[in-house]
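K.L.:
File coords21.tsv below, TSV, C-alpha atoms:
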```tsv
chain	number	residue	atom	x	y	z
A	223	MET	CA	33.65	22.34	-20.37
A	224	PRO	CA	34.29	20.01	-17.39
A	225	VAL	CA	31.88	20.40	-14.49
A	226	ARG	CA	33.78	21.04	-11.26
A	227	ALA	CA	32.91	18.64	-8.41
A	228	ARG	CA	30.77	20.62	-6.01
A	229	PRO	CA	31.48	20.49	-2.28
A	230	LEU	CA	29.06	18.26	-0.35
A	231	SER	CA	28.04	18.48	3.28
A	232	PRO	CA	29.32	15.52	5.38
A	233	HIS	CA	27.16	12.44	5.76
A	234	LEU	CA	24.83	12.21	8.73
A	235	GLN	CA	26.72	9.52	10.64
A	236	ILE	CA	29.80	11.75	11.00
A	237	TYR	CA	28.01	14.05	13.45
A	238	ARG	CA	28.03	13.55	17.21
A	239	TRP	CA	24.71	12.44	18.72
A	240	GLN	CA	22.69	15.46	19.88
A	241	VAL	CA	19.28	16.01	21.44
A	242	GLY	CA	18.28	18.51	18.75
A	243	SER	CA	19.13	16.35	15.74
A	244	THR	CA	17.55	13.23	17.26
A	245	LEU	CA	14.29	15.04	17.98
A	246	SER	CA	14.33	16.55	14.49
A	247	ILE	CA	14.74	13.13	12.85
A	248	LEU	CA	12.00	11.78	15.11
A	249	HIS	CA	9.69	14.58	13.89
A	250	ARG	CA	10.09	13.24	10.36
A	251	ILE	CA	9.67	9.59	11.34
A	252	THR	CA	6.52	10.32	13.37
A	253	GLY	CA	5.22	12.41	10.46
A	254	LEU	CA	5.64	9.48	8.08
A	255	ALA	CA	3.96	7.16	10.59
A	256	LEU	CA	1.06	9.61	10.88
A	257	ALA	CA	0.69	9.66	7.07
A	258	LEU	CA	-0.01	5.90	7.35
A	259	GLY	CA	-2.32	6.67	10.27
A	260	PHE	CA	-4.27	8.99	7.97
A	261	LEU	CA	-4.88	6.00	5.66
A	262	ALA	CA	-6.08	3.95	8.66
A	263	LEU	CA	-8.42	6.80	9.66
A	264	THR	CA	-9.78	6.89	6.11
A	265	TYR	CA	-10.40	3.13	6.21
A	266	TRP	CA	-12.24	3.52	9.53
A	267	LEU	CA	-14.44	6.38	8.19
A	268	VAL	CA	-15.25	4.50	4.97
A	269	ALA	CA	-16.21	1.43	7.04
A	270	LEU	CA	-18.40	3.61	9.26
A	271	ALA	CA	-20.21	4.97	6.20
A	272	GLY	CA	-20.51	1.44	4.77
A	273	GLY	CA	-22.84	0.15	7.47
A	274	ALA	CA	-22.80	-1.92	10.66
A	275	ALA	CA	-21.24	-5.03	9.09
A	276	ALA	CA	-18.37	-3.10	7.48
A	277	TYR	CA	-17.82	-1.18	10.73
A	278	SER	CA	-17.65	-4.32	12.87
A	279	SER	CA	-15.08	-5.88	10.54
A	280	ALA	CA	-12.99	-2.69	10.77
A	281	ALA	CA	-13.40	-2.73	14.57
A	282	ARG	CA	-12.17	-6.36	14.64
A	283	PHE	CA	-9.19	-5.34	12.51
A	284	PHE	CA	-8.24	-2.51	14.90
A	285	ALA	CA	-8.70	-4.78	17.94
A	286	GLY	CA	-6.01	-7.19	16.68
A	287	PRO	CA	-2.56	-7.28	18.33
A	288	LEU	CA	-0.69	-5.78	15.35
A	289	ALA	CA	-3.19	-2.95	14.83
A	290	GLY	CA	-3.29	-2.43	18.60
A	291	ALA	CA	0.47	-1.88	18.68
A	292	ALA	CA	0.13	0.43	15.67
A	293	LEU	CA	-2.58	2.44	17.48
A	294	VAL	CA	-0.30	2.92	20.52
A	295	GLY	CA	2.51	3.93	18.14
A	296	TRP	CA	0.23	6.37	16.32
A	297	THR	CA	-0.86	7.90	19.64
A	298	PHE	CA	2.76	8.56	20.60
A	299	ALA	CA	3.55	9.81	17.07
A	300	PHE	CA	0.54	12.14	17.21
A	301	PHE	CA	1.41	13.66	20.60
A	302	TYR	CA	5.11	13.96	19.76
A	303	HIS	CA	4.53	15.48	16.30
A	304	LEU	CA	1.96	17.89	17.79
A	305	LEU	CA	4.20	19.08	20.64
A	306	ASN	CA	7.36	19.22	18.53
A	307	GLY	CA	5.36	21.00	15.81
A	308	ILE	CA	4.47	23.69	18.36
A	309	ARG	CA	8.24	24.08	19.00
A	310	HIS	CA	8.78	24.58	15.28
A	311	LEU	CA	5.98	27.15	15.06
A	312	ALA	CA	7.45	28.98	18.06
A	313	TRP	CA	10.89	29.04	16.39
A	314	ASP	CA	9.29	30.37	13.21
A	315	VAL	CA	8.09	33.43	15.11
A	316	GLY	CA	11.49	33.72	16.82
A	317	VAL	CA	10.68	32.31	20.25
A	318	GLY	CA	12.86	29.79	22.15
A	319	PHE	CA	15.45	29.28	19.42
A	320	ASP	CA	18.54	29.63	21.65
A	321	ARG	CA	20.36	26.42	22.54
A	322	ALA	CA	19.33	26.17	26.20
A	323	HIS	CA	15.62	26.78	25.56
A	324	SER	CA	15.39	24.55	22.50
A	325	ARG	CA	17.10	21.72	24.36
A	326	LEU	CA	14.78	22.10	27.34
A	327	SER	CA	11.60	22.36	25.24
A	328	GLY	CA	12.69	19.33	23.21
A	329	LEU	CA	13.16	17.17	26.29
A	330	LEU	CA	9.82	18.44	27.67
A	331	ALA	CA	8.03	17.62	24.39
A	332	MET	CA	9.46	14.09	24.45
A	333	LEU	CA	8.57	13.58	28.13
A	334	ALA	CA	5.04	14.98	27.67
A	335	ALA	CA	4.44	12.80	24.60
A	336	VAL	CA	5.42	9.66	26.52
A	337	LEU	CA	3.27	10.65	29.52
A	338	LEU	CA	0.24	11.57	27.38
A	339	THR	CA	0.47	8.29	25.48
A	340	ALA	CA	0.74	6.29	28.71
A	341	GLY	CA	-2.07	8.33	30.29
A	342	LEU	CA	-4.42	7.90	27.33
A	343	TRP	CA	-3.93	4.13	27.07
A	344	GLY	CA	-4.03	3.74	30.85
A	345	PHE	CA	-7.37	5.57	30.81
A	346	LEU	CA	-8.72	3.42	27.95
A	347	TRP	CA	-7.57	0.24	29.67
A	348	HIS	CA	-9.21	1.39	32.91
A	349	VAL	CA	-12.49	2.20	31.13
A	350	ALA	CA	-12.50	-1.03	29.12
A	351	ARG	CA	-12.20	-3.22	32.23
A	352	PRO	CA	-15.55	-4.81	33.21
B	104	MET	CA	26.73	17.75	-27.45
B	105	SER	CA	25.44	20.98	-26.09
B	106	LEU	CA	27.39	24.18	-26.61
B	107	ARG	CA	25.77	25.78	-23.59
B	108	SER	CA	27.85	26.41	-20.47
B	109	PRO	CA	26.85	24.77	-17.15
B	110	LEU	CA	25.78	28.18	-15.90
B	111	GLY	CA	23.58	28.70	-18.94
B	112	ARG	CA	21.93	25.33	-18.51
B	113	VAL	CA	21.16	26.03	-14.84
B	114	LEU	CA	19.83	29.48	-15.62
B	115	GLY	CA	17.66	27.98	-18.35
B	116	LEU	CA	15.77	25.94	-15.78
B	117	GLY	CA	14.48	29.16	-14.30
B	118	SER	CA	13.02	29.62	-10.86
B	119	ALA	CA	10.26	27.36	-9.57
B	120	LYS	CA	8.29	30.60	-9.08
B	121	ASP	CA	6.61	29.35	-5.92
B	122	GLY	CA	9.17	30.67	-3.42
B	123	THR	CA	8.01	30.14	0.15
B	124	ALA	CA	4.55	28.82	-0.77
B	125	HIS	CA	5.27	25.22	0.30
B	126	TRP	CA	6.88	26.24	3.60
B	127	TRP	CA	4.00	28.60	4.38
B	128	ALA	CA	1.26	26.08	3.45
B	129	GLN	CA	2.85	23.50	5.75
B	130	ARG	CA	2.66	25.96	8.69
B	131	VAL	CA	-0.89	27.08	7.90
B	132	SER	CA	-2.15	23.48	7.73
B	133	ALA	CA	-0.24	22.71	10.96
B	134	VAL	CA	-1.99	25.59	12.76
B	135	ALA	CA	-5.37	24.36	11.44
B	136	LEU	CA	-4.63	20.83	12.63
B	137	LEU	CA	-3.86	21.87	16.23
B	138	PRO	CA	-7.52	22.46	17.24
B	139	LEU	CA	-9.03	20.02	14.72
B	140	THR	CA	-7.03	16.94	15.82
B	141	LEU	CA	-7.50	17.71	19.51
B	142	TRP	CA	-11.25	18.18	18.98
B	143	PHE	CA	-11.43	14.82	17.19
B	144	LEU	CA	-9.47	12.96	19.87
B	145	VAL	CA	-11.37	14.48	22.80
B	146	SER	CA	-14.75	13.91	21.09
B	147	LEU	CA	-13.99	10.21	20.54
B	148	LEU	CA	-12.87	9.85	24.17
B	149	LEU	CA	-16.08	11.51	25.43
B	150	LEU	CA	-18.35	9.10	23.50
B	151	PRO	CA	-20.07	6.42	25.60
B	152	GLY	CA	-18.29	3.85	23.42
B	153	LEU	CA	-16.74	3.38	19.99
B	154	ASP	CA	-19.61	1.12	18.86
B	155	TYR	CA	-21.30	1.67	15.50
B	156	ALA	CA	-24.41	3.47	16.79
B	157	SER	CA	-22.52	5.88	19.10
B	158	VAL	CA	-19.91	6.91	16.52
B	159	ARG	CA	-22.46	7.23	13.72
B	160	THR	CA	-24.89	9.34	15.78
B	161	TRP	CA	-22.05	11.62	16.85
B	162	LEU	CA	-20.53	12.05	13.35
B	163	ALA	CA	-23.97	12.75	11.83
B	164	LEU	CA	-24.31	15.92	13.96
B	165	PRO	CA	-23.78	18.95	11.66
B	166	THR	CA	-20.93	20.36	13.79
B	167	SER	CA	-19.14	17.01	13.89
B	168	SER	CA	-19.41	16.37	10.15
B	169	LEU	CA	-18.30	19.91	9.30
B	170	LEU	CA	-15.26	19.77	11.58
B	171	ALA	CA	-14.44	16.22	10.43
B	172	VAL	CA	-14.44	17.32	6.76
B	173	LEU	CA	-12.12	20.22	7.67
B	174	LEU	CA	-9.93	17.75	9.62
B	175	VAL	CA	-9.47	15.21	6.81
B	176	GLY	CA	-8.90	18.01	4.28
B	177	SER	CA	-6.18	19.66	6.39
B	178	LEU	CA	-4.74	16.25	7.23
B	179	ALA	CA	-4.46	15.22	3.57
B	180	HIS	CA	-2.86	18.54	2.64
B	181	HIS	CA	-0.39	18.57	5.56
B	182	SER	CA	0.53	14.90	5.06
B	183	TYR	CA	1.07	15.44	1.32
B	184	LEU	CA	3.32	18.47	1.91
B	185	GLY	CA	5.35	16.59	4.52
B	186	THR	CA	5.82	13.31	2.66
B	187	ILE	CA	6.90	14.90	-0.64
B	188	VAL	CA	9.71	16.76	1.17
B	189	VAL	CA	11.04	13.44	2.48
B	190	VAL	CA	10.95	11.95	-1.03
B	191	GLU	CA	12.65	15.02	-2.51
B	192	ASP	CA	15.38	14.70	0.13
B	193	TYR	CA	16.11	10.98	-0.08
B	194	VAL	CA	15.02	9.67	-3.50
B	195	HIS	CA	17.74	10.75	-5.92
B	196	SER	CA	16.95	8.92	-9.16
B	197	ASN	CA	14.74	11.15	-11.29
B	198	GLY	CA	12.43	8.37	-12.48
B	199	ALA	CA	11.82	6.92	-9.03
B	200	LYS	CA	11.36	10.41	-7.60
B	201	LEU	CA	8.75	11.39	-10.20
B	202	LEU	CA	6.91	8.09	-9.74
B	203	THR	CA	6.86	8.36	-5.92
B	204	LEU	CA	5.73	11.98	-6.02
B	205	LEU	CA	2.91	11.10	-8.43
B	206	LEU	CA	1.86	8.14	-6.25
B	207	LEU	CA	1.89	10.32	-3.11
B	208	ARG	CA	-0.23	12.95	-4.81
B	209	PHE	CA	-2.79	10.43	-6.08
B	210	ALA	CA	-2.87	8.57	-2.73
B	211	HIS	CA	-3.45	11.77	-0.75
B	212	VAL	CA	-6.15	13.11	-3.06
B	213	ALA	CA	-7.86	9.69	-3.15
B	214	ALA	CA	-7.72	9.23	0.64
B	215	GLY	CA	-8.85	12.81	1.31
B	216	VAL	CA	-11.80	12.52	-1.09
B	217	ALA	CA	-12.74	9.03	0.17
B	218	ALA	CA	-12.70	10.21	3.80
B	219	THR	CA	-14.73	13.34	2.95
B	220	PHE	CA	-17.23	11.29	0.94
B	221	ALA	CA	-17.59	8.83	3.84
B	222	ILE	CA	-18.30	11.67	6.29
B	223	LEU	CA	-20.91	13.15	3.93
B	224	ARG	CA	-22.57	9.73	3.56
B	225	VAL	CA	-22.86	9.54	7.35
B	226	ALA	CA	-24.08	13.15	7.56
B	227	PHE	CA	-26.77	12.82	4.89
B	228	GLY	CA	-27.63	9.12	5.17
B	229	SER	CA	-30.18	7.59	7.49
B	230	PRO	CA	-28.63	5.84	10.54
B	231	GLY	CA	-27.94	2.18	9.94
B	232	SER	CA	-28.11	2.46	6.17
```
How does this structure look as structure tokens?

P.N.:
Amino acid sequence: MPVRARPLSPHLQIYRWQVGSTLSILHRITGLALALGFLALTYWLVALAGGAAAYSSAARFFAGPLAGAALVGWTFAFFYHLLNGIRHLAWDVGVGFDRAHSRLSGLLAMLAAVLLTAGLWGFLWHVARP
Amino acid sequence: MSLRSPLGRVLGLGSAKDGTAHWWAQRVSAVALLPLTLWFLVSLLLLPGLDYASVRTWLALPTSSLLAVLLVGSLAHHSYLGTIVVVEDYVHSNGAKLLTLLLLRFAHVAAGVAATFAILRVAFGSPGS
């Protein structure tokens, strides 16, 4: 018996750009980035348990330009995923799911994530200065 | 050649029997991570510095080690649940999907156990050892 071709939903690129879909995709991307961040955290903890020499080599690794950029990226990913995750939890209990509120909370989450990232690294830079 | 109809073959697979368990576990671990991640970030920022002695003394405190173990456990669980959904959505070949899912499972268990073990070594070890 021939299997009938099932209808498929259209491919992603056919849709118009929207705030909601962009933020939703970004939630996934930041989540994947944070999964790598979890590995970096594990490396840091293992180095800490390994003694002063292991810790200082890990500290040198994280002080490098590439790891430094990754740390800034992880900070933004953390704040964004946290704030957008709160939006998802609110929707799950039925709060703020209408178009106007979800659009507003999405833009606020993005803005707050950028500001918190800038604030945190500005603070660290300020503290680190001699 | 199978004599079974497409419907029969689909029905034969049966239900996964876990219903909403994955969805629910992702939310529960997310709620757990809200206070745990913020505690971790604020604690690190409040330390006099991120040098070996400061971090080690702080993490060896019973409250810190306990919360840190809960953090890495929830983190491993939440990260595993999230990454397998992405693989299930975008990796379509059965072999590659199975292999990636296995790798993700092993990587998350290994990282979670390694991080927990490291915290326990700091908690029970003498400073500087």

K.L.:
Enumerate, in order of chain and increasing residue number, the residues of chain A with an atom no farther than 7 Å from chain B, each with its shortest atom pair and distance in Å to one decimal, counting all atoms listed in the file, as a Markdown table.

P.N.:
```
| residue | atom | partner | partner_atom | distance |
| --- | --- | --- | --- | --- |
| A:Leu254 | CA | B:Thr186 | CA | 6.6 |
| A:Ala257 | CA | B:Ser182 | CA | 5.6 |
| A:Leu261 | CA | B:Ala214 | CA | 6.6 |
| A:Thr264 | CA | B:Ala218 | CA | 5.0 |
| A:Leu267 | CA | B:Ala221 | CA | 5.9 |
| A:Val268 | CA | B:Ala221 | CA | 5.0 |
| A:Ala271 | CA | B:Ala221 | CA | 5.2 |
| A:Gly273 | CA | B:Ser232 | CA | 5.9 |
| A:Ala274 | CA | B:Tyr155 | CA | 6.2 |
| A:Tyr277 | CA | B:Tyr155 | CA | 6.6 |
```

K.L.:
Please produce an output containing C-alpha atoms for each residue in the selection, written as a PDB file, keeping the file's coordinate frame.

P.N.:
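Output saved as again-v8.pdb:
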```pdb
ATOM      1  CA  LEU A 254       5.640   9.480   8.080  1.00  0.00           C
ATOM      2  CA  ALA A 257       0.690   9.660   7.070  1.00  0.00           C
ATOM      3  CA  LEU A 261      -4.880   6.000   5.660  1.00  0.00           C
ATOM      4  CA  THR A 264      -9.780   6.890   6.110  1.00  0.00           C
ATOM      5  CA  LEU A 267     -14.440   6.380   8.190  1.00  0.00           C
ATOM      6  CA  VAL A 268     -15.250   4.500   4.970  1.00  0.00           C
ATOM      7  CA  ALA A 271     -20.210   4.970   6.200  1.00  0.00           C
ATOM      8  CA  GLY A 273     -22.840   0.150   7.470  1.00  0.00           C
ATOM      9  CA  ALA A 274     -22.800  -1.920  10.660  1.00  0.00           C
ATOM     10  CA  TYR A 277     -17.820  -1.180  10.730  1.00  0.00           C
TER      11      TYR A 277
END
```

K.L.:
Would you mind listing what lies within 12 Å of A:Leu346 as an MDAnalysis selection string, with all atoms listed in the file counted and same-chain residues fewer than 3 positions away left out?

P.N.:
(chainID A and resid 294 339:343 349:352) or (chainID B and resid 147:149 151:153)

K.L.:
Mind dumping the selected residues with C-alpha atoms as a compact mmCIF listing (two decimals), in the frame of the given file?

P.N.:
```
# COMPACT_ATOMS: atom_id res chain seq x y z
CA VAL A 294 -0.30 2.92 20.52
CA THR A 339 0.47 8.29 25.48
CA ALA A 340 0.74 6.29 28.71
CA GLY A 341 -2.07 8.33 30.29
CA LEU A 342 -4.42 7.90 27.33
CA TRP A 343 -3.93 4.13 27.07
CA VAL A 349 -12.49 2.20 31.13
CA ALA A 350 -12.50 -1.03 29.12
CA ARG A 351 -12.20 -3.22 32.23
CA PRO A 352 -15.55 -4.81 33.21
CA LEU B 147 -13.99 10.21 20.54
CA LEU B 148 -12.87 9.85 24.17
CA LEU B 149 -16.08 11.51 25.43
CA PRO B 151 -20.07 6.42 25.60
CA GLY B 152 -18.29 3.85 23.42
CA LEU B 153 -16.74 3.38 19.99
```

K.L.:
Need the axis-aligned box for stretch 123-141 of chain B with 6 Å each side, so what are the centre and edges in Å to one decimal, as AutoDock Vina command-line options?

P.N.:
```
--center_x -0.5 --center_y 23.5 --center_z 9.4 --size_x 29.0 --size_y 25.2 --size_z 32.3
```

K.L.:
Would you compute the distance between atom CA of B:Phe143 and atom CA of A:Leu305? Give it in Å to one decimal.

P.N.:
16.6 Å

K.L.:
Which distance in Å separates atom CA of A:Pro232 and atom CA of A:Phe319, to one decimal?

P.N.:
24.1 Å

K.L.:
Neighbours of A:Leu245 within 9 Å (all atoms listed in the file; same-chain residues fewer than 3 positions away dropped), as JSON, numbers by chain?

P.N.:
{"A": [240, 241, 242, 248, 249, 250, 306, 328, 329, 332]}

K.L.:
In Å, rounded to a single decimal, give me how far atom CA of B:Leu204 is from atom CA of B:Glu191.

P.N.:
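Rounded to one decimal, the two atoms are 8.3 Å apart.
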
K.L.:
In the coordinate frame of the file, compute which residues have an atom within 12 Å of (-16.0, 21.1, 8.7) when using all atoms listed in the file, and state them as a PyMOL selection string.

P.N.:
chain B and resi 135+139+142-143+162-177+219+222-223+226

K.L.:
Give me the residues near A:Leu293 as a list in words, where near means some atom within 12 Å (using only C-alpha atoms) and where sequence neighbours in that chain fewer than 2 positions away do not count.

P.N.:
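The contact residues come out as Ala255, Leu256, Leu258, Gly259, Phe260, Ala262, Leu263, Phe283, Phe284, Ala285, Gly286, Pro287, Leu288, Ala289, Gly290, Ala291, Gly295, Trp296, Thr297, Phe298, Ala299, Phe300, Thr339, Leu342 and Trp343 of chain A.
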
K.L.:
Considering only C-alpha atoms, can you say which of B:Pro138, B:His180, B:Thr160, B:Trp127 comes closest to B:Leu207?

P.N.:
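Closest to B:Leu207, using only C-alpha atoms: B:His180.
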
K.L.:
Which of these, B:Arg112, B:Thr203, B:Ser105, B:Ser146, has the shortest distance to B:Trp161 once you count all atoms listed in the file?

P.N.:
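For B:Trp161, the nearest of the given residues is B:Ser146.
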
K.L.:
Can you sort out stretch 182-195 of chain B so it carries N, CA, C and O atoms, written as a JSON list (two decimals), keeping the file's coordinate frame?

P.N.:
```json
[["chain", "number", "residue", "atom", "x", "y", "z"],
["B", 182, "SER", "N", -0.18, 16.16, 5.25],
["B", 182, "SER", "CA", 0.53, 14.90, 5.06],
["B", 182, "SER", "C", 1.20, 14.88, 3.68],
["B", 182, "SER", "O", 2.35, 14.44, 3.53],
["B", 183, "TYR", "N", 0.49, 15.39, 2.66],
["B", 183, "TYR", "CA", 1.07, 15.44, 1.32],
["B", 183, "TYR", "C", 2.31, 16.33, 1.31],
["B", 183, "TYR", "O", 3.39, 15.95, 0.82],
["B", 184, "LEU", "N", 2.20, 17.53, 1.89],
["B", 184, "LEU", "CA", 3.32, 18.47, 1.91],
["B", 184, "LEU", "C", 4.52, 17.88, 2.63],
["B", 184, "LEU", "O", 5.67, 18.06, 2.22],
["B", 185, "GLY", "N", 4.27, 17.16, 3.74],
["B", 185, "GLY", "CA", 5.35, 16.59, 4.52],
["B", 185, "GLY", "C", 6.03, 15.42, 3.82],
["B", 185, "GLY", "O", 7.26, 15.33, 3.79],
["B", 186, "THR", "N", 5.23, 14.51, 3.24],
["B", 186, "THR", "CA", 5.82, 13.31, 2.66],
["B", 186, "THR", "C", 6.60, 13.63, 1.38],
["B", 186, "THR", "O", 7.62, 13.00, 1.12],
["B", 187, "ILE", "N", 6.13, 14.63, 0.59],
["B", 187, "ILE", "CA", 6.90, 14.90, -0.64],
["B", 187, "ILE", "C", 8.27, 15.48, -0.32],
["B", 187, "ILE", "O", 9.23, 15.25, -1.05],
["B", 188, "VAL", "N", 8.40, 16.22, 0.80],
["B", 188, "VAL", "CA", 9.71, 16.76, 1.17],
["B", 188, "VAL", "C", 10.69, 15.63, 1.47],
["B", 188, "VAL", "O", 11.86, 15.68, 1.09],
["B", 189, "VAL", "N", 10.19, 14.59, 2.16],
["B", 189, "VAL", "CA", 11.04, 13.44, 2.48],
["B", 189, "VAL", "C", 11.50, 12.75, 1.20],
["B", 189, "VAL", "O", 12.68, 12.42, 1.03],
["B", 190, "VAL", "N", 10.58, 12.57, 0.24],
["B", 190, "VAL", "CA", 10.95, 11.95, -1.03],
["B", 190, "VAL", "C", 11.96, 12.81, -1.78],
["B", 190, "VAL", "O", 12.97, 12.32, -2.29],
["B", 191, "GLU", "N", 11.72, 14.12, -1.81],
["B", 191, "GLU", "CA", 12.65, 15.02, -2.51],
["B", 191, "GLU", "C", 14.04, 14.99, -1.89],
["B", 191, "GLU", "O", 15.05, 15.15, -2.57],
["B", 192, "ASP", "N", 14.09, 14.75, -0.57],
["B", 192, "ASP", "CA", 15.38, 14.70, 0.13],
["B", 192, "ASP", "C", 16.13, 13.40, -0.10],
["B", 192, "ASP", "O", 17.36, 13.40, -0.19],
["B", 193, "TYR", "N", 15.42, 12.27, -0.14],
["B", 193, "TYR", "CA", 16.11, 10.98, -0.08],
["B", 193, "TYR", "C", 16.03, 10.15, -1.35],
["B", 193, "TYR", "O", 16.77, 9.19, -1.49],
["B", 194, "VAL", "N", 15.10, 10.45, -2.26],
["B", 194, "VAL", "CA", 15.02, 9.67, -3.50],
["B", 194, "VAL", "C", 15.75, 10.47, -4.58],
["B", 194, "VAL", "O", 15.32, 11.56, -4.96],
["B", 195, "HIS", "N", 16.89, 9.95, -5.05],
["B", 195, "HIS", "CA", 17.74, 10.75, -5.92],
["B", 195, "HIS", "C", 17.56, 10.45, -7.40],
["B", 195, "HIS", "O", 17.84, 11.30, -8.23]]
```
